[in-house]
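query_36.txt follows; it contains compact mmCIF, C-alpha atoms and all ligand atoms.
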```txt
# COMPACT_ATOMS: atom_id res chain seq x y z
CA MET A 1 9.70 -0.86 -16.95
CA LYS A 2 8.62 0.39 -13.53
CA PHE A 3 7.61 -2.32 -11.05
CA SER A 4 4.04 -0.95 -10.93
CA GLU A 5 3.72 -1.55 -14.70
CA TYR A 6 5.12 -5.07 -14.31
CA MET A 7 2.69 -5.85 -11.46
CA GLY A 8 -0.15 -4.24 -13.45
CA GLU A 9 0.61 -6.62 -16.34
CA TRP A 10 0.92 -9.57 -13.94
CA LEU A 11 -2.56 -9.00 -12.49
CA TYR A 12 -4.49 -7.00 -15.10
CA GLY A 13 -2.66 -7.43 -18.41
CA GLU A 14 -4.26 -9.17 -21.37
CA ASN A 15 -3.52 -12.61 -19.90
CA GLY A 16 -3.16 -11.29 -16.34
CA TYR A 17 -4.16 -13.18 -13.22
CA TYR A 18 -7.40 -11.25 -12.68
CA SER A 19 -8.13 -10.55 -16.34
CA SER A 20 -9.05 -14.15 -16.95
CA TYR A 21 -11.65 -15.87 -14.81
CA LYS A 22 -10.10 -17.19 -11.60
CA GLU A 23 -11.39 -19.27 -8.77
CA ILE A 24 -11.03 -17.94 -5.22
CA GLY A 25 -11.71 -20.32 -2.34
CA LYS A 26 -10.99 -24.01 -1.90
CA GLY A 27 -10.13 -24.69 -5.55
CA GLY A 28 -8.24 -21.43 -6.14
CA ASP A 29 -4.92 -19.97 -5.05
CA PHE A 30 -6.06 -18.18 -1.90
CA TYR A 31 -9.00 -17.76 0.48
CA THR A 32 -10.58 -14.48 1.43
CA ALA A 33 -13.01 -13.75 4.26
CA VAL A 34 -15.78 -13.89 1.63
CA SER A 35 -15.13 -17.55 0.82
CA THR A 36 -14.87 -18.36 4.54
CA SER A 37 -18.39 -17.59 5.82
CA LYS A 38 -21.66 -16.04 4.65
CA PHE A 39 -21.82 -14.26 8.00
CA PHE A 40 -19.19 -11.83 6.72
CA GLY A 41 -21.69 -10.45 4.19
CA GLY A 42 -24.45 -10.97 6.76
CA THR A 43 -22.76 -8.63 9.21
CA ILE A 44 -22.40 -5.99 6.50
CA ALA A 45 -26.14 -6.35 5.79
CA LYS A 46 -26.85 -5.70 9.47
CA HIS A 47 -24.60 -2.62 9.33
CA ILE A 48 -26.38 -1.33 6.20
CA ILE A 49 -29.72 -1.62 8.01
CA SER A 50 -28.30 0.32 10.97
CA LEU A 51 -27.14 3.06 8.53
CA VAL A 52 -30.71 3.30 7.20
CA ASP A 53 -32.15 3.40 10.73
CA GLU A 54 -29.62 6.06 11.71
CA GLY A 55 -30.77 8.17 8.74
CA PHE A 56 -27.30 8.22 7.12
CA LEU A 57 -28.34 6.01 4.21
CA SER A 58 -31.62 6.57 2.40
CA LYS A 59 -33.91 3.63 1.66
CA ASP A 60 -33.17 4.05 -2.05
CA GLY A 61 -29.43 4.62 -1.57
CA VAL A 62 -26.78 2.83 -3.64
CA ILE A 63 -25.01 -0.23 -2.20
CA CYS A 64 -21.86 -0.67 -4.24
CA GLU A 65 -19.16 -3.32 -4.03
CA ILE A 66 -15.79 -2.67 -5.62
CA GLY A 67 -13.66 -5.56 -6.93
CA ALA A 68 -16.36 -8.16 -6.25
CA HIS A 69 -14.77 -11.01 -8.22
CA HIS A 70 -17.59 -13.60 -8.28
CA GLY A 71 -20.07 -11.32 -6.50
CA TYR A 72 -20.58 -13.78 -3.61
CA PHE A 73 -20.00 -11.10 -0.95
CA LEU A 74 -22.65 -8.70 -2.25
CA ALA A 75 -24.98 -11.66 -2.79
CA ASP A 76 -24.50 -12.69 0.87
CA VAL A 77 -25.31 -9.08 1.84
CA CYS A 78 -28.53 -9.26 -0.22
CA GLU A 79 -29.51 -12.63 1.27
CA PHE A 80 -29.23 -11.30 4.82
CA ILE A 81 -31.04 -8.05 3.97
CA TYR A 82 -33.85 -10.26 2.68
CA THR A 83 -33.92 -12.13 6.01
CA LEU A 84 -33.56 -9.11 8.26
CA ARG A 85 -35.44 -6.31 6.42
CA PRO A 86 -36.95 -7.69 3.17
CA GLU A 87 -38.48 -4.41 1.97
CA LEU A 88 -34.99 -2.89 1.65
CA LEU A 89 -33.96 -5.47 -0.93
CA LYS A 90 -36.37 -3.86 -3.43
CA SER A 91 -35.75 -0.22 -2.51
CA LEU A 92 -31.91 -0.14 -2.27
CA GLN A 93 -29.95 -0.03 -5.54
CA PHE A 94 -27.23 -2.65 -5.79
CA SER A 95 -24.21 -2.16 -7.99
CA ILE A 96 -20.72 -3.55 -8.61
CA ILE A 97 -17.63 -1.82 -9.95
CA GLU A 98 -16.00 -4.49 -12.10
CA ARG A 99 -13.61 -3.73 -14.94
CA PHE A 100 -13.65 -7.21 -16.51
CA ASP A 101 -16.51 -8.20 -18.84
CA ASN A 102 -16.28 -11.93 -18.08
CA LEU A 103 -16.60 -11.30 -14.34
CA GLN A 104 -19.51 -8.87 -14.91
CA GLU A 105 -21.27 -11.65 -16.81
CA PHE A 106 -20.60 -14.21 -14.09
CA GLN A 107 -21.85 -11.82 -11.38
CA ALA A 108 -25.00 -10.91 -13.35
CA GLN A 109 -25.82 -14.60 -13.86
CA TYR A 110 -25.17 -15.43 -10.21
CA PHE A 111 -27.53 -12.64 -9.10
CA LYS A 112 -30.17 -13.74 -11.60
CA ASP A 113 -29.95 -17.35 -10.36
CA SER A 114 -30.04 -16.28 -6.70
CA PHE A 115 -32.63 -13.49 -6.70
CA GLY A 116 -34.46 -13.55 -10.05
CA ASP A 117 -35.84 -10.06 -10.68
CA VAL A 118 -36.00 -9.02 -7.02
CA VAL A 119 -32.51 -7.48 -7.07
CA ASN A 120 -31.64 -5.17 -9.93
CA LEU A 121 -27.85 -5.30 -10.17
CA VAL A 122 -26.14 -2.48 -12.10
CA HIS A 123 -22.54 -2.75 -13.30
CA TYR A 124 -19.96 0.00 -13.80
CA LYS A 125 -16.45 -0.42 -15.18
CA SER A 126 -15.05 2.25 -12.90
CA LEU A 127 -16.14 4.63 -10.14
CA LYS A 128 -15.89 7.43 -12.71
CA GLU A 129 -19.13 6.15 -14.30
CA LEU A 130 -21.16 6.28 -11.09
CA LYS A 131 -22.87 9.51 -10.01
CA CYS A 132 -25.36 9.34 -7.13
CA LYS A 133 -26.65 11.18 -4.08
CA ASN A 134 -26.10 8.68 -1.30
CA ALA A 135 -24.13 5.43 -1.15
CA PHE A 136 -22.53 2.71 0.92
CA PHE A 137 -19.32 1.38 -0.65
CA ILE A 138 -17.85 -1.93 0.43
CA ALA A 139 -14.64 -3.69 -0.62
CA ASN A 140 -12.72 -6.75 0.51
CA GLU A 141 -9.04 -7.11 -0.25
CA ILE A 142 -8.74 -4.67 -3.09
CA PHE A 143 -6.03 -2.30 -1.78
CA ASP A 144 -3.47 -5.12 -1.67
CA ALA A 145 -4.19 -5.69 -5.36
CA PHE A 146 -3.20 -2.15 -6.45
CA PRO A 147 0.12 -2.18 -8.32
CA CYS A 148 3.04 -0.81 -6.29
CA GLU A 149 6.56 0.51 -6.67
CA LEU A 150 9.46 -1.10 -4.81
CA TYR A 151 11.81 1.16 -2.88
CA TYR A 152 15.20 0.39 -1.37
CA LYS A 153 17.43 2.96 0.32
CA GLY A 154 16.66 5.93 -1.91
CA LYS A 155 16.21 4.02 -5.17
CA THR A 156 13.10 2.81 -6.97
CA ALA A 157 13.02 -0.52 -8.78
CA GLU A 158 12.81 -1.21 -12.46
CA VAL A 159 12.18 -4.61 -14.01
CA LEU A 160 14.05 -6.12 -16.92
CA GLU A 161 13.06 -9.63 -17.98
CA HIS A 162 11.64 -10.41 -14.54
CA ASN A 163 14.78 -9.13 -12.76
CA VAL A 164 14.35 -6.33 -10.24
CA GLU A 165 17.08 -3.69 -10.04
CA PHE A 166 17.03 -0.65 -7.76
CA THR A 167 18.34 1.91 -10.21
CA MET A 168 15.77 4.70 -10.60
CA ASP A 169 15.33 8.03 -8.85
CA ASP A 170 11.63 8.70 -8.39
CA GLU A 171 10.72 11.73 -6.31
CA TRP A 172 7.12 10.68 -5.70
CA VAL A 173 8.10 7.21 -4.45
CA SER A 174 10.91 8.63 -2.30
CA SER A 175 8.60 11.19 -0.70
CA LYS A 176 6.02 8.50 0.16
CA ALA A 177 8.75 6.21 1.54
CA LYS A 178 9.94 9.04 3.75
CA LYS A 179 6.42 9.88 4.88
CA TYR A 180 5.69 6.27 5.89
CA HIS A 181 9.13 5.72 7.45
CA LYS A 182 10.24 3.02 5.04
CA ASP A 183 13.84 2.64 3.96
CA ARG A 184 12.61 -0.32 1.94
CA GLY A 185 9.27 -1.81 0.95
CA GLU A 186 6.23 -1.34 -1.28
CA ILE A 187 4.62 2.00 -2.16
CA ALA A 188 1.11 1.53 -3.56
CA VAL A 189 0.21 3.35 -6.76
CA GLY A 190 -3.32 4.58 -7.45
CA TYR A 191 -4.84 5.18 -3.99
CA GLU A 192 -5.01 8.97 -4.55
CA GLU A 193 -6.89 8.72 -7.84
CA PHE A 194 -9.22 6.02 -6.51
CA ALA A 195 -10.12 8.12 -3.44
CA LYS A 196 -10.83 11.16 -5.64
CA GLU A 197 -13.03 9.10 -7.97
CA MET A 198 -15.05 7.83 -5.03
CA ALA A 199 -15.34 11.32 -3.51
CA ASN A 200 -16.73 12.56 -6.85
CA SER A 201 -19.16 9.70 -7.35
CA ALA A 202 -21.54 10.29 -4.43
CA GLU A 203 -22.68 13.43 -2.61
CA SER A 204 -22.59 11.56 0.70
CA PHE A 205 -21.35 8.05 1.47
CA GLU A 206 -19.76 5.61 3.85
CA PHE A 207 -16.91 3.45 2.59
CA MET A 208 -15.82 0.33 4.45
CA SER A 209 -12.91 -1.81 3.34
CA PHE A 210 -11.14 -4.89 4.72
CA ASP A 211 -7.50 -5.65 4.03
CA TYR A 212 -4.36 -7.20 5.44
CA GLY A 213 -1.87 -4.73 6.89
CA GLU A 214 -1.14 -2.10 9.52
CA MET A 215 -1.56 1.66 9.89
CA GLN A 216 2.25 1.81 9.47
CA ALA A 217 3.31 -1.39 7.69
CA ARG A 218 6.73 -2.81 8.57
CA PRO A 219 9.62 -1.08 6.79
CA ASP A 220 10.42 -4.22 4.80
CA PHE A 221 9.33 -6.10 1.71
CA SER A 222 6.15 -8.12 2.18
CA LEU A 223 5.62 -8.78 -1.53
CA ARG A 224 4.49 -12.37 -2.00
CA VAL A 225 2.88 -14.74 -4.44
CA TYR A 226 0.00 -17.15 -3.76
CA LYS A 227 0.04 -20.38 -5.67
CA GLU A 228 -2.44 -23.12 -4.79
CA HIS A 229 -2.63 -21.95 -1.16
CA LYS A 230 1.16 -21.79 -0.79
CA VAL A 231 2.77 -18.45 0.00
CA LEU A 232 6.04 -17.71 -1.77
CA PRO A 233 8.05 -14.59 -0.91
CA PHE A 234 8.75 -12.58 -4.08
CA PHE A 235 12.42 -12.17 -3.15
CA ILE A 236 13.14 -15.86 -2.67
CA PRO A 237 16.78 -16.91 -3.14
CA LYS A 238 17.44 -19.25 -6.07
CA ASP A 239 18.92 -21.97 -3.87
CA GLU A 240 15.78 -22.31 -1.66
CA ALA A 241 13.74 -25.50 -2.09
CA ASP A 242 10.60 -23.46 -2.83
CA TYR A 243 12.22 -21.40 -5.59
CA ILE A 244 10.15 -21.05 -8.76
CA ALA A 245 11.43 -18.82 -11.57
CA ARG A 246 9.40 -15.59 -11.84
CA ASP A 247 8.58 -16.07 -15.49
CA GLU A 248 6.70 -19.23 -14.46
CA LEU A 249 4.76 -17.40 -11.74
CA PHE A 250 4.05 -14.28 -13.84
CA ALA A 251 0.29 -13.78 -14.46
CA LYS A 252 -0.49 -17.32 -13.30
CA THR A 253 -0.45 -16.58 -9.57
CA ASP A 254 -1.76 -13.85 -7.27
CA ILE A 255 0.78 -11.24 -6.20
CA THR A 256 0.13 -9.08 -3.15
CA TYR A 257 1.71 -7.15 -0.24
CA ASP A 258 0.84 -5.72 3.18
CA VAL A 259 -1.30 -2.59 3.05
CA THR A 260 -0.08 0.65 4.66
CA PHE A 261 -3.42 2.00 5.90
CA ALA A 262 -1.88 5.43 6.67
CA HIS A 263 -1.41 5.82 2.88
CA ILE A 264 -5.11 5.04 2.23
CA LYS A 265 -6.15 7.40 5.05
CA ASP A 266 -4.04 10.24 3.62
CA ALA A 267 -5.38 9.65 0.09
CA TYR A 268 -8.99 9.87 1.31
CA GLU A 269 -8.35 12.90 3.52
CA GLU A 270 -6.69 14.68 0.59
CA ALA A 271 -9.87 13.91 -1.40
CA GLY A 272 -11.94 15.61 1.31
CA VAL A 273 -13.31 12.41 2.88
CA LYS A 274 -13.36 11.97 6.67
CA PHE A 275 -11.46 9.07 8.23
CA ILE A 276 -13.64 7.37 10.86
CA GLU A 277 -11.67 4.40 12.17
CA LEU A 278 -9.25 1.54 11.64
CA LYS A 279 -9.73 -1.60 13.67
CA ALA A 280 -9.13 -5.33 13.65
CA GLN A 281 -11.60 -7.18 11.45
CA MET A 282 -12.72 -9.35 14.38
CA VAL A 283 -13.49 -6.29 16.52
CA ALA A 284 -15.32 -4.62 13.62
CA LEU A 285 -17.46 -7.71 12.94
CA VAL A 286 -18.33 -8.16 16.62
CA ASP A 287 -19.16 -4.43 16.94
CA MET A 288 -21.45 -4.67 13.89
CA GLY A 289 -23.31 -7.62 15.39
CA ILE A 290 -21.96 -10.90 13.97
CA LEU A 291 -22.67 -12.61 17.30
CA ASN A 292 -26.33 -11.47 17.27
CA LEU A 293 -26.69 -12.99 13.81
CA LEU A 294 -25.25 -16.30 15.00
CA GLU A 295 -27.61 -16.17 17.99
CA MET A 296 -30.55 -15.72 15.59
CA LEU A 297 -29.39 -18.75 13.60
CA LYS A 298 -29.16 -20.79 16.80
CA GLU A 299 -32.81 -20.02 17.54
CA LYS A 300 -34.05 -20.72 14.00
CA ALA A 301 -31.89 -23.46 12.46
CA ASP A 302 -31.22 -26.99 13.63
CA GLN A 303 -28.20 -27.66 15.84
CA LYS A 304 -26.06 -29.25 13.11
CA ILE A 305 -26.36 -26.33 10.70
CA TYR A 306 -25.74 -23.89 13.52
CA GLU A 307 -22.55 -25.74 14.58
CA GLN A 308 -21.28 -25.79 10.96
CA GLU A 309 -21.87 -22.07 10.42
CA LEU A 310 -20.41 -21.22 13.83
CA GLN A 311 -17.15 -23.03 12.99
CA LYS A 312 -16.83 -21.12 9.71
CA ALA A 313 -17.73 -17.75 11.23
CA LYS A 314 -15.26 -18.30 14.09
CA ILE A 315 -12.39 -18.12 11.59
CA LEU A 316 -13.36 -14.49 10.93
CA ILE A 317 -13.25 -13.48 14.57
CA MET A 318 -10.44 -15.62 16.01
CA PRO A 319 -7.41 -13.52 17.03
CA ASP A 320 -4.82 -15.85 15.51
CA TYR A 321 -6.41 -16.26 12.11
CA LEU A 322 -8.25 -13.86 9.79
CA GLY A 323 -9.60 -11.84 12.71
CA GLU A 324 -6.57 -9.97 13.92
CA ARG A 325 -4.30 -9.77 10.91
CA PHE A 326 -7.05 -8.21 8.82
CA LYS A 327 -8.24 -4.66 9.45
CA MET A 328 -11.35 -2.70 8.65
CA ILE A 329 -10.98 0.94 7.59
CA ARG A 330 -13.99 3.24 7.40
CA PHE A 331 -14.59 6.69 5.89
CA ARG A 332 -17.52 9.06 5.51
CA LYS A 333 -18.39 11.99 3.33
C1 LIG B 1 -7.80 -10.31 -3.79
S1 LIG B 1 -9.09 -10.05 -4.94
C2 LIG B 1 -10.47 -9.95 -3.86
C3 LIG B 1 -11.75 -10.35 -4.52
C4 LIG B 1 -13.01 -10.31 -3.65
N1 LIG B 1 -13.26 -8.96 -3.17
C5 LIG B 1 -12.91 -11.30 -2.50
O1 LIG B 1 -12.81 -10.86 -1.35
O2 LIG B 1 -12.94 -12.51 -2.73
C6 LIG B 1 -8.80 -8.37 -5.49
C7 LIG B 1 -9.83 -7.82 -6.43
O3 LIG B 1 -9.75 -6.38 -6.45
C8 LIG B 1 -9.99 -5.93 -7.77
N2 LIG B 1 -9.44 -4.57 -7.88
C9 LIG B 1 -8.18 -4.17 -7.63
N3 LIG B 1 -8.04 -2.84 -7.84
C10 LIG B 1 -9.26 -2.38 -8.22
C11 LIG B 1 -9.77 -1.10 -8.59
N4 LIG B 1 -8.99 -0.03 -8.61
N5 LIG B 1 -11.06 -1.01 -8.93
C12 LIG B 1 -11.85 -2.10 -8.92
N6 LIG B 1 -11.44 -3.33 -8.58
C13 LIG B 1 -10.15 -3.48 -8.24
C14 LIG B 1 -9.32 -6.99 -8.63
O4 LIG B 1 -9.77 -6.96 -9.97
C15 LIG B 1 -9.70 -8.26 -7.87
O5 LIG B 1 -10.94 -8.76 -8.32
```

What is this structure when it is put down as structure tokens?
Ligand SMILES: C[S@@+](CC[C@H](N)C(=O)[O-])C[C@H]1O[C@@H](n2cnc3c(N)ncnc32)[C@H](O)[C@@H]1O
Amino acid sequence: MKFSEYMGEWLYGENGYYSSYKEIGKGGDFYTAVSTSKFFGGTIAKHIISLVDEGFLSKDGVICEIGAHHGYFLADVCEFIYTLRPELLKSLQFSIIERFDNLQEFQAQYFKDSFGDVVNLVHYKSLKELKCKNAFFIANEIFDAFPCELYYKGKTAEVLEHNVEFTMDDEWVSSKAKKYHKDRGEIAVGYEEFAKEMANSAESFEFMSFDYGEMQARPDFSLRVYKEHKVLPFFIPKDEADYIARDELFAKTDITYDVTFAHIKDAYEEAGVKFIELKAQMVALVDMGILNLLEMLKEKADQKIYEQELQKAKILIMPDYLGERFKMIRFRK
């Protein structure tokens, strides 16, 4: 089978990593910015309010998270909207695109426990089901979870019993590899369709997404597996101390790779959506006002709580940690 099918089974198959309920954060296999600090969602709330004030987003517009997992990010957004502009919590329409029923149930319960009937959360299985006038879409680390093909010097990989062999000729993969100057590496599958679905779902929108990668990712393999906070390269030689056979890792661990943002940008532009910017996550969060939010906390909360939250939020905006390696990409239609 093609590598994209293998990776699709690994993550989204019947017993795939994301198909069954998984813990992200301290107890899980990896951290994301969401599990690091509530001020990540808080900063997005501040940005949403600025979109309303600017007149780009209507007061009854749709706020939609894609790939929300537990729903903590969108819930943090709601919590800060409640603090900063409570009337918007009732008027905006909150929704999540989540393909898995068990995660939809978890998210619905979490929202019910957190907000009672104040927030009316609507679920969709895919963007194809959503049709609206005006929206703000937000996503964290979803593009690195799209299945990919593997390319090496003109050939595309196929997988037989967990072994990867570069034997196939695939014109589409080769043309993308050429376009993004890779003689080897990952070529994501599905960005084009996803961008089209989003473009068709709302008459006007802003889409903001955070992911790990570069405009032009390195021409090399970055494919890796996360197991209990340890990173294992996918192509790890059998004689290395860390070696674990792939059939043991399959579907039980997270598999991911560096995002080529130029590929996402092209997919959205082809779908008629305007690229606005790509910048480091730390710059994006500072530009959107994370420091003002921390300043507000300093004035309102006691010193100990402020210090605790500051330490967590710092991780998001420190150059050598999540801040620089992660990027924010933004589009508008
Ligand atoms: C690395 S997890 C990130 C989860 C969460 N956003 C966070 O930051 O903790 C990737 C998530 O993206 C979701 N995902 C990947 N491709 C998707 C797609 N095309 N549509 C919706 N969700 C998708 C997966 O199901 C998974 O929940």

**OP:** Name all residues at most 12 Å from Phe166 in chain A (count all atoms listed in the file; drop same-chain ones fewer than 2 positions away) and give them as an MDAnalysis selection string.
**Re:** chainID A and resid 1:3 149:160 163:164 168:170 184:185

Tell me which protein, DNA and RNA residues are within 12 Å of Met7 in chain A, counting all atoms listed in the file, leaving out same-chain ones fewer than 6 positions away, and put them as a compact mmCIF listing (two decimals) with C-alpha atoms, in the coordinates of the input.
```
# COMPACT_ATOMS: atom_id res chain seq x y z
CA MET A 1 9.70 -0.86 -16.95
CA GLY A 13 -2.66 -7.43 -18.41
CA GLY A 16 -3.16 -11.29 -16.34
CA TYR A 17 -4.16 -13.18 -13.22
CA TYR A 18 -7.40 -11.25 -12.68
CA ASP A 144 -3.47 -5.12 -1.67
CA ALA A 145 -4.19 -5.69 -5.36
CA PHE A 146 -3.20 -2.15 -6.45
CA PRO A 147 0.12 -2.18 -8.32
CA CYS A 148 3.04 -0.81 -6.29
CA GLU A 149 6.56 0.51 -6.67
CA LEU A 150 9.46 -1.10 -4.81
CA ALA A 157 13.02 -0.52 -8.78
CA GLU A 158 12.81 -1.21 -12.46
CA VAL A 159 12.18 -4.61 -14.01
CA HIS A 162 11.64 -10.41 -14.54
CA VAL A 164 14.35 -6.33 -10.24
CA GLU A 186 6.23 -1.34 -1.28
CA ALA A 188 1.11 1.53 -3.56
CA VAL A 189 0.21 3.35 -6.76
CA LEU A 223 5.62 -8.78 -1.53
CA ARG A 224 4.49 -12.37 -2.00
CA VAL A 225 2.88 -14.74 -4.44
CA PHE A 234 8.75 -12.58 -4.08
CA ARG A 246 9.40 -15.59 -11.84
CA LEU A 249 4.76 -17.40 -11.74
CA PHE A 250 4.05 -14.28 -13.84
CA ALA A 251 0.29 -13.78 -14.46
CA THR A 253 -0.45 -16.58 -9.57
CA ASP A 254 -1.76 -13.85 -7.27
CA ILE A 255 0.78 -11.24 -6.20
CA THR A 256 0.13 -9.08 -3.15
CA TYR A 257 1.71 -7.15 -0.24
```

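Considering all atoms listed in the file, the residues that reside within 7 Å of ligand LIG 1 (chain B) can be listed as Tyr18, Ile24, Thr32, Ala33, Val34, Ser35, Ile66, Gly67, Ala68, His69, Ile97, Glu98, Arg99, Ser126, Ala139, Asn140, Glu141, Ile142, Phe143, Ala145, Phe146 and Phe194 of chain A.
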
**OP:** List the neighbours of Leu127 in chain A out to 7 Å using all atoms listed in the file; skip same-chain residues closer than 6 positions along the sequence, and give me the result as number ranges by chain.
**Re:** A: 97, 197-198, 201

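Using all atoms listed in the file, the shortest contact distance between Ile63 in chain A and any of A:Lys265, A:Lys182, A:His47, A:Lys176 is found at A:His47.
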
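Candidate residues A:Met282, A:Ile81, A:Ala177, A:Ala135 were compared for distance to Thr260 in chain A, and the nearest is A:Ala177, using all atoms listed in the file.
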
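With only C-alpha atoms as the atoms that count, the residue of A:Tyr12, A:Tyr191, A:Phe39, A:Tyr268 with the shortest distance to Met296 in chain A is A:Phe39.
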
Original post:
CA of Ile317 in chain A to CA of Phe115 in chain A: how many Å, to one decimal?
Top reply: 28.8 Å

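Atom to atom, CA of Ser204 in chain A and CA of Ala284 in chain A stand 21.9 Å apart.
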
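In terms of minimum interatomic distance to Val119 in chain A, A:Tyr82 ranks closest within A:Phe106, A:Phe137, A:Trp10, A:Tyr82, counting all atoms listed in the file.
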
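Note that CA of Lys59 in chain A and CA of Leu88 in chain A are 6.6 Å apart.
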
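Restricting the calculation to all atoms listed in the file, the smallest distance between Val52 in chain A and any of A:Phe100, A:Phe73, A:Phe136, A:Phe80 is found for A:Phe136.
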
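Counting only C-alpha atoms, the residue from A:Cys132, A:Leu74, A:Leu57, A:Ala217 that sits nearest to Tyr110 in chain A is A:Leu74.
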